[in-house]
$ cat entry10.txt   # compact mmCIF, C-alpha atoms
# COMPACT_ATOMS: atom_id res chain seq x y z
CA MET E 1 47.89 78.58 -131.35
CA LEU E 2 47.32 76.04 -128.58
CA ARG E 3 51.01 76.10 -127.63
CA LYS E 4 50.92 79.88 -127.43
CA LEU E 5 47.88 79.73 -125.13
CA ARG E 6 49.75 77.31 -122.88
CA ARG E 7 52.68 79.65 -122.63
CA VAL E 8 50.47 82.66 -121.97
CA ILE E 9 48.02 81.07 -119.51
CA LEU E 10 49.18 77.70 -118.24
CA TRP E 11 52.76 78.44 -117.21
CA PRO E 12 51.97 81.66 -115.29
CA LEU E 13 49.15 79.77 -113.55
CA LEU E 14 51.49 76.94 -112.57
CA LEU E 15 54.00 79.44 -111.24
CA VAL E 16 51.31 81.08 -109.09
CA VAL E 17 50.19 77.70 -107.74
CA ALA E 18 53.79 76.70 -107.01
CA TRP E 19 54.49 79.97 -105.20
CA ALA E 20 51.28 79.72 -103.16
CA SER E 21 52.08 76.13 -102.20
CA PHE E 22 55.59 77.05 -101.12
CA ASP E 23 54.37 80.09 -99.20
CA ALA E 24 51.57 78.20 -97.46
CA LEU E 25 53.15 74.82 -96.79
CA ILE E 26 56.94 75.03 -96.86
CA TRP E 27 58.06 78.57 -96.01
CA PRO E 28 56.35 78.60 -92.57
CA ARG E 29 58.73 75.84 -91.43
CA LEU E 30 61.76 77.62 -92.86
CA ARG E 31 60.91 81.12 -91.63
CA PRO E 32 63.84 82.32 -89.48
CA ILE E 33 63.13 82.99 -85.80
CA ALA E 34 65.33 85.35 -83.83
CA SER E 35 66.83 83.94 -80.62
CA PRO E 36 66.15 86.11 -77.55
CA GLU E 37 68.88 87.11 -75.14
CA LEU E 38 69.15 84.61 -72.29
CA LEU E 39 68.32 85.79 -68.77
CA ASP E 40 68.93 84.39 -65.32
CA HIS E 41 66.49 81.53 -64.61
CA ASN E 42 64.80 83.33 -61.71
CA ASP E 43 64.36 86.42 -63.88
CA LEU E 44 62.82 84.27 -66.61
CA ILE E 45 60.26 82.75 -64.25
CA GLY E 46 59.33 86.03 -62.59
CA GLN E 47 59.01 87.96 -65.82
CA GLY E 48 57.25 85.03 -67.44
CA GLU E 49 54.54 84.92 -64.80
CA TYR E 50 54.03 88.68 -65.09
CA ILE E 51 53.69 88.69 -68.89
CA PHE E 52 51.62 85.49 -68.77
CA ASN E 53 49.12 87.22 -66.48
CA ALA E 54 49.12 90.42 -68.51
CA ALA E 55 48.40 88.40 -71.66
CA GLY E 56 45.33 86.73 -70.16
CA CYS E 57 46.43 83.21 -71.07
CA LEU E 58 44.72 81.52 -68.13
CA GLY E 59 41.20 82.68 -68.93
CA CYS E 60 41.15 81.61 -72.57
CA HIS E 61 42.88 78.28 -72.09
CA THR E 62 40.91 77.05 -69.08
CA ASP E 63 37.39 75.60 -69.30
CA ASP E 64 36.05 77.13 -66.09
CA ASP E 65 32.43 76.39 -67.01
CA ASN E 66 33.16 72.67 -66.76
CA ASN E 67 35.70 72.82 -63.92
CA GLY E 68 38.58 72.27 -66.32
CA LEU E 69 42.16 72.16 -65.13
CA PRO E 70 44.28 75.29 -65.65
CA LEU E 71 45.54 75.77 -69.21
CA ALA E 72 44.29 72.34 -70.34
CA GLY E 73 42.12 73.97 -73.00
CA GLY E 74 38.58 73.13 -74.00
CA ARG E 75 37.05 76.54 -73.41
CA ARG E 76 34.16 77.07 -75.82
CA ILE E 77 34.37 80.29 -77.86
CA GLU E 78 31.30 81.11 -79.93
CA THR E 79 31.66 83.35 -82.98
CA ASP E 80 29.65 84.19 -86.10
CA LEU E 81 31.95 81.88 -88.06
CA GLY E 82 31.56 78.84 -85.82
CA VAL E 83 32.46 77.41 -82.43
CA PHE E 84 36.13 77.22 -81.45
CA TYR E 85 37.73 75.41 -78.52
CA SER E 86 40.95 76.68 -76.98
CA PRO E 87 43.89 74.23 -77.02
CA ASN E 88 45.85 72.64 -74.22
CA ILE E 89 48.99 74.72 -73.61
CA THR E 90 50.35 72.79 -70.64
CA ALA E 91 53.72 71.05 -70.97
CA ASP E 92 52.14 67.66 -71.65
CA THR E 93 54.10 66.01 -74.47
CA GLU E 94 51.10 64.20 -75.98
CA THR E 95 48.27 66.72 -75.86
CA GLY E 96 49.94 70.01 -74.95
CA ILE E 97 53.05 71.92 -76.02
CA GLY E 98 55.59 69.85 -74.10
CA ASN E 99 57.40 68.91 -77.32
CA TRP E 100 57.58 72.47 -78.59
CA GLU E 101 60.85 74.34 -78.79
CA LEU E 102 61.10 78.05 -78.08
CA ARG E 103 61.21 78.79 -81.82
CA ASP E 104 57.87 76.97 -82.23
CA PHE E 105 56.27 79.15 -79.57
CA ILE E 106 57.67 82.35 -81.05
CA ARG E 107 56.49 81.34 -84.53
CA ALA E 108 52.99 80.73 -83.20
CA LEU E 109 52.77 84.15 -81.57
CA ARG E 110 54.64 86.12 -84.23
CA TYR E 111 53.26 84.54 -87.38
CA GLY E 112 50.19 82.53 -86.36
CA ILE E 113 51.74 79.26 -87.54
CA ASP E 114 52.00 75.98 -85.61
CA PRO E 115 55.07 73.66 -85.50
CA LYS E 116 53.69 71.64 -88.42
CA GLY E 117 53.38 74.72 -90.61
CA ARG E 118 49.61 75.04 -90.31
CA TYR E 119 48.07 78.50 -90.06
CA TYR E 120 46.02 79.28 -86.98
CA TYR E 121 42.51 80.67 -87.02
CA PRO E 122 42.51 84.35 -85.98
CA VAL E 123 40.35 83.53 -82.97
CA PHE E 124 43.81 82.92 -81.46
CA PRO E 125 44.95 86.53 -80.93
CA TYR E 126 48.32 86.17 -82.62
CA THR E 127 46.96 89.16 -84.55
CA SER E 128 47.89 91.16 -81.44
CA TYR E 129 50.58 88.98 -79.87
CA HIS E 130 52.78 89.33 -82.96
CA GLN E 131 53.69 92.80 -81.69
CA MET E 132 55.26 91.41 -78.51
CA GLN E 133 58.99 91.69 -78.03
CA THR E 134 60.75 88.38 -78.60
CA GLN E 135 62.05 88.41 -75.03
CA ASP E 136 58.51 88.64 -73.65
CA MET E 137 57.47 85.68 -75.78
CA ALA E 138 60.46 83.72 -74.47
CA VAL E 139 59.73 84.32 -70.81
CA ILE E 140 56.09 83.24 -71.22
CA PHE E 141 57.27 80.00 -72.81
CA THR E 142 59.74 79.35 -70.00
CA TYR E 143 57.05 79.98 -67.41
CA LEU E 144 54.55 77.66 -69.13
CA GLN E 145 57.06 74.83 -69.32
CA GLY E 146 57.42 74.90 -65.53
CA LEU E 147 53.69 74.59 -64.78
CA PRO E 148 51.89 71.27 -64.12
CA SER E 149 51.16 69.33 -67.30
CA VAL E 150 47.71 67.93 -68.05
CA ASN E 151 47.02 65.10 -70.46
CA GLN E 152 43.82 66.25 -72.13
CA ALA E 153 43.14 66.02 -75.83
CA ASN E 154 42.02 69.12 -77.69
CA LYS E 155 38.45 69.40 -78.88
CA ALA E 156 37.70 69.82 -82.57
CA HIS E 157 36.28 73.14 -83.69
CA VAL E 158 32.72 73.12 -85.02
CA LEU E 159 32.97 75.02 -88.29
CA PRO E 160 31.28 75.15 -91.71
CA TRP E 161 33.01 72.98 -94.31
CA TYR E 162 34.69 75.86 -96.13
CA LEU E 163 36.58 76.93 -92.99
CA ARG E 164 37.95 73.51 -92.11
CA LEU E 165 40.78 73.81 -94.63
CA ARG E 166 43.72 75.56 -92.98
CA LEU E 167 44.63 76.99 -96.39
CA VAL E 168 41.78 79.42 -95.78
CA ASN E 169 43.77 80.82 -92.85
CA TRP E 170 46.77 81.34 -95.11
CA ALA E 171 44.59 83.35 -97.50
CA TRP E 172 43.12 85.32 -94.59
CA GLN E 173 46.59 86.24 -93.38
CA LYS E 174 47.56 87.46 -96.84
CA LEU E 175 44.58 89.79 -96.81
CA TYR E 176 44.45 91.01 -93.22
CA PHE E 177 47.67 90.27 -91.33
CA LYS E 178 51.10 91.87 -91.35
CA PRO E 179 53.40 90.59 -88.57
CA GLY E 180 55.93 92.76 -86.81
CA GLU E 181 57.08 93.93 -83.37
CA PHE E 182 55.51 96.93 -81.67
CA GLN E 183 57.03 100.23 -82.73
CA ALA E 184 56.89 103.12 -80.27
CA ALA E 185 55.22 106.30 -81.50
CA PRO E 186 57.95 108.97 -81.64
CA ASP E 187 55.45 111.77 -80.96
CA GLN E 188 54.24 110.19 -77.69
CA ASN E 189 55.91 109.95 -74.28
CA GLU E 190 57.37 106.80 -72.73
CA ILE E 191 54.35 106.18 -70.47
CA TRP E 192 51.88 106.37 -73.38
CA ASN E 193 54.01 104.00 -75.45
CA ARG E 194 54.24 101.54 -72.56
CA GLY E 195 50.45 101.64 -72.30
CA ALA E 196 50.10 101.13 -76.06
CA TYR E 197 52.40 98.11 -75.90
CA LEU E 198 50.53 96.57 -72.98
CA ALA E 199 47.09 97.23 -74.48
CA ASN E 200 47.76 96.24 -78.07
CA ALA E 201 50.54 93.66 -77.99
CA ILE E 202 50.07 91.82 -74.68
CA ALA E 203 46.60 92.38 -73.22
CA HIS E 204 45.13 92.45 -76.77
CA CYS E 205 42.28 94.74 -75.71
CA GLY E 206 41.37 95.55 -79.29
CA GLU E 207 40.46 91.93 -80.03
CA CYS E 208 37.31 92.36 -77.94
CA HIS E 209 36.71 96.12 -78.05
CA THR E 210 37.00 96.58 -81.82
CA PRO E 211 34.19 95.48 -84.18
CA ARG E 212 34.98 93.00 -86.96
CA ASN E 213 33.88 92.64 -90.54
CA ALA E 214 32.09 89.59 -91.93
CA ARG E 215 35.42 87.82 -92.49
CA GLY E 216 36.58 88.24 -88.89
CA ALA E 217 39.07 91.06 -89.47
CA LEU E 218 39.19 94.03 -87.08
CA ASN E 219 37.76 97.32 -88.35
CA ALA E 220 40.71 99.67 -87.84
CA LYS E 221 38.52 102.74 -88.30
CA MET E 222 36.53 101.73 -85.19
CA PHE E 223 39.52 100.83 -83.03
CA TYR E 224 38.40 100.34 -79.40
CA ALA E 225 34.96 101.76 -80.20
CA GLY E 226 33.06 98.71 -78.92
CA THR E 227 30.72 96.26 -80.58
CA ARG E 228 27.31 94.71 -80.03
CA ASN E 229 28.64 91.40 -81.30
CA GLY E 230 31.66 90.59 -79.17
CA PRO E 231 32.95 87.21 -77.94
CA ASP E 232 30.15 84.78 -77.06
CA GLY E 233 27.68 87.33 -78.43
CA GLU E 234 28.30 89.82 -75.62
CA THR E 235 28.06 93.57 -76.07
CA ILE E 236 31.52 95.08 -75.58
CA PRO E 237 31.65 98.78 -74.62
CA ASN E 238 33.31 101.68 -76.36
CA ILE E 239 36.51 102.50 -74.44
CA THR E 240 37.68 105.44 -76.53
CA PRO E 241 37.62 108.86 -74.76
CA HIS E 242 34.40 109.92 -76.47
CA LYS E 243 32.40 112.04 -74.02
CA LYS E 244 28.97 110.49 -74.61
CA THR E 245 29.49 106.99 -75.94
CA GLY E 246 32.91 106.13 -74.50
CA ILE E 247 34.85 106.79 -71.31
CA GLY E 248 35.62 110.44 -71.95
CA ASN E 249 34.02 111.51 -68.68
CA TRP E 250 36.05 109.09 -66.58
CA SER E 251 38.94 110.59 -64.62
CA ALA E 252 42.38 109.01 -64.50
CA ASP E 253 41.58 107.72 -61.00
CA ASP E 254 38.29 106.25 -62.26
CA LEU E 255 40.11 104.33 -64.95
CA HIS E 256 42.85 103.18 -62.59
CA SER E 257 40.29 101.81 -60.11
CA PHE E 258 38.37 100.08 -62.87
CA LEU E 259 41.39 98.40 -64.42
CA LYS E 260 42.90 97.37 -61.10
CA GLN E 261 39.74 96.43 -59.18
CA GLY E 262 36.90 96.35 -61.70
CA MET E 263 35.10 99.21 -59.90
CA THR E 264 33.15 101.72 -62.01
CA PRO E 265 32.92 105.45 -61.14
CA ASP E 266 29.53 104.94 -59.44
CA GLY E 267 30.93 102.27 -57.09
CA ASP E 268 29.53 99.27 -58.96
CA PHE E 269 31.70 96.40 -60.16
CA THR E 270 32.07 95.00 -63.64
CA GLY E 271 30.89 91.52 -64.49
CA SER E 272 31.04 88.89 -67.21
CA LEU E 273 34.11 88.81 -69.48
CA MET E 274 35.62 92.02 -68.13
CA ALA E 275 35.49 90.69 -64.57
CA GLU E 276 37.49 87.72 -65.79
CA VAL E 277 40.05 90.03 -67.39
CA VAL E 278 40.44 91.97 -64.16
CA ASP E 279 40.68 88.84 -62.00
CA ASN E 280 43.07 86.87 -64.22
CA SER E 281 45.10 89.65 -65.73
CA LEU E 282 44.85 93.35 -64.89
CA GLN E 283 44.84 93.11 -61.10
CA HIS E 284 48.30 91.52 -61.29
CA LEU E 285 49.86 94.50 -63.08
CA THR E 286 51.96 97.04 -61.24
CA ASP E 287 50.47 100.46 -60.53
CA ASP E 288 52.93 101.95 -63.01
CA ASP E 289 51.67 99.69 -65.78
CA ILE E 290 48.05 100.43 -64.89
CA ASP E 291 48.89 104.13 -65.07
CA ALA E 292 50.44 103.55 -68.48
CA LEU E 293 47.24 101.87 -69.70
CA VAL E 294 45.23 104.80 -68.33
CA GLU E 295 47.50 107.28 -70.14
CA TYR E 296 47.09 105.39 -73.39
CA LEU E 297 43.31 104.98 -73.19
CA ARG E 298 42.74 108.63 -72.33
CA TYR E 299 44.64 109.86 -75.37
CA ILE E 300 43.64 107.57 -78.22
CA PRO E 301 41.23 109.02 -80.85
CA ALA E 302 37.68 109.44 -79.53
CA ILE E 303 35.10 107.61 -81.66
CA GLU E 304 31.35 108.01 -81.39
CA ASN E 305 29.72 104.58 -81.23
CA GLN E 306 26.83 103.89 -78.91
CA VAL E 307 26.77 100.21 -77.96
CA LYS E 308 25.25 100.48 -74.48
CA LYS E 309 22.26 102.35 -73.13
CA LEU E 310 23.16 105.53 -71.28
CA LYS E 311 22.34 105.69 -67.61
CA LYS E 312 19.47 107.99 -66.74
CA GLN E 313 21.38 110.57 -64.75
CA GLN E 314 24.96 110.11 -65.89
CA ASP E 315 26.58 110.76 -69.22
CA THR E 316 28.36 107.46 -69.27
CA PHE E 317 27.58 103.87 -70.11
CA GLU E 318 27.14 100.66 -68.22
CA TYR E 319 29.75 97.97 -67.97

$ encode --input "entry10.txt" --output "structure tokens"
Amino acid sequence: MLRKLRRVILWPLLLVVAWASFDALIWPRLRPIASPELLDHNDLIGQGEYIFNAAGCLGCHTDDDNNGLPLAGGRRIETDLGVFYSPNITADTETGIGNWELRDFIRALRYGIDPKGRYYYPVFPYTSYHQMQTQDMAVIFTYLQGLPSVNQANKAHVLPWYLRLRLVNWAWQKLYFKPGEFQAAPDQNEIWNRGAYLANAIAHCGECHTPRNARGALNAKMFYAGTRNGPDGETIPNITPHKKTGIGNWSADDLHSFLKQGMTPDGDFTGSLMAEVVDNSLQHLTDDDIDALVEYLRYIPAIENQVKKLKKQQDTFEY
């Protein structure tokens, strides 16, 4: 009887443990990474700077509050699950990513896995970056490798004990993450799809503008509908085209001016985190790409979700 129980219970359990161990610890290092097509060096640098800016890398990886050096990490990011510090992504070989190969960088963005096979916390928006085209990942890496390196050790995250095991991130990915490149919507035009790619894969707008559940996963049913509990506890507005609680009353020109300059329809200027996004990222985009973002934002599903108080005489909300 005991031998039968072992066959029925123990062996299947051992197989599950063996598979999970392989999937979590070994497979990440073996996962094949596609090699992007090589471009002329000048094209690589120019495109790399453009995608780097669009992706908002500078803001997250620079500790401006403490006069930190660009991309040296250390920026404090407060969440409900703990305090995270962004890493050094300069080309320093001791404390940055100077020893990384291109495949390491692509694996990090596509699968949320570091060169040692450890799974990243989803505070790193690989959950959006995974949709980037491999070529765009490659040009960012090339651009980063040419920037000044800074020797600055990364700060340890301040997390509850149960989140300190990276195996938790593996389990989280199994539940909430499915990697893959952006796929254009066949029923939408080229401009809309360009805007969708910029917003969702590169600029990762949904990471801030979409509410999360208690386990840190985005609520797909409230995509871009805003949240009262955004990064660093800030209230992040609804940017769906809902007439009363979103930006449904904004014209295309209003949106273009806001994304490019941070100016709202009433002539005011945005502040806080969005001002940083405009300064470090959106203002560097071409007018065509801004127009693509406008096209996309105006024609995504409108969702009613009031996260900001309405202004007294205007049917809109405050940024």

$ residues_around --input "entry10.txt" --residues "E:Pro115" --least-positions-apart "4" --cutoff "8 Å" --atoms "all atoms listed in the file" --output "number ranges by chain"
E: 29, 100, 104, 107-108

$ residues_around --input "entry10.txt" --residues "E:Asp65" --least-positions-apart "6" --cutoff "12 Å" --atoms "all atoms listed in the file" --output "list in words"
Gly59, Gly73, Gly74, Arg75, Arg76 and Ile77 of chain E

$ write_last_selection --input "entry10.txt" --atoms "C-alpha atoms" --output "short mmCIF file (atom, residue, chain, number, x, y, z; two decimals), in the frame of the given file"
data_model
loop_
_atom_site.label_atom_id
_atom_site.label_comp_id
_atom_site.auth_asym_id
_atom_site.auth_seq_id
_atom_site.Cartn_x
_atom_site.Cartn_y
_atom_site.Cartn_z
CA GLY E 59 41.20 82.68 -68.93
CA GLY E 73 42.12 73.97 -73.00
CA GLY E 74 38.58 73.13 -74.00
CA ARG E 75 37.05 76.54 -73.41
CA ARG E 76 34.16 77.07 -75.82
CA ILE E 77 34.37 80.29 -77.86
#

$ closest_residue --input "entry10.txt" --among "E:Met263, E:Ile239, E:Leu81, E:Val168" --to "E:Cys205" --atoms "only C-alpha atoms"
E:Ile239

$ closest_residue --input "entry10.txt" --among "E:Tyr224, E:Phe84, E:Trp250, E:Tyr50" --to "E:Pro160" --atoms "all atoms listed in the file"
E:Phe84

$ atom_distance --input "entry10.txt" --atom1 "atom CA of E:Asn305" --atom2 "atom CA of E:Lys260"
25.1 Å

$ closest_residue --input "entry10.txt" --among "E:Cys60, E:Ile303, E:Ala72, E:Ile51" --to "E:Lys243" --atoms "all atoms listed in the file"
E:Ile303

$ atom_distance --input "entry10.txt" --atom1 "atom CA of E:Asn238" --atom2 "atom CA of E:Tyr120"
27.9 Å
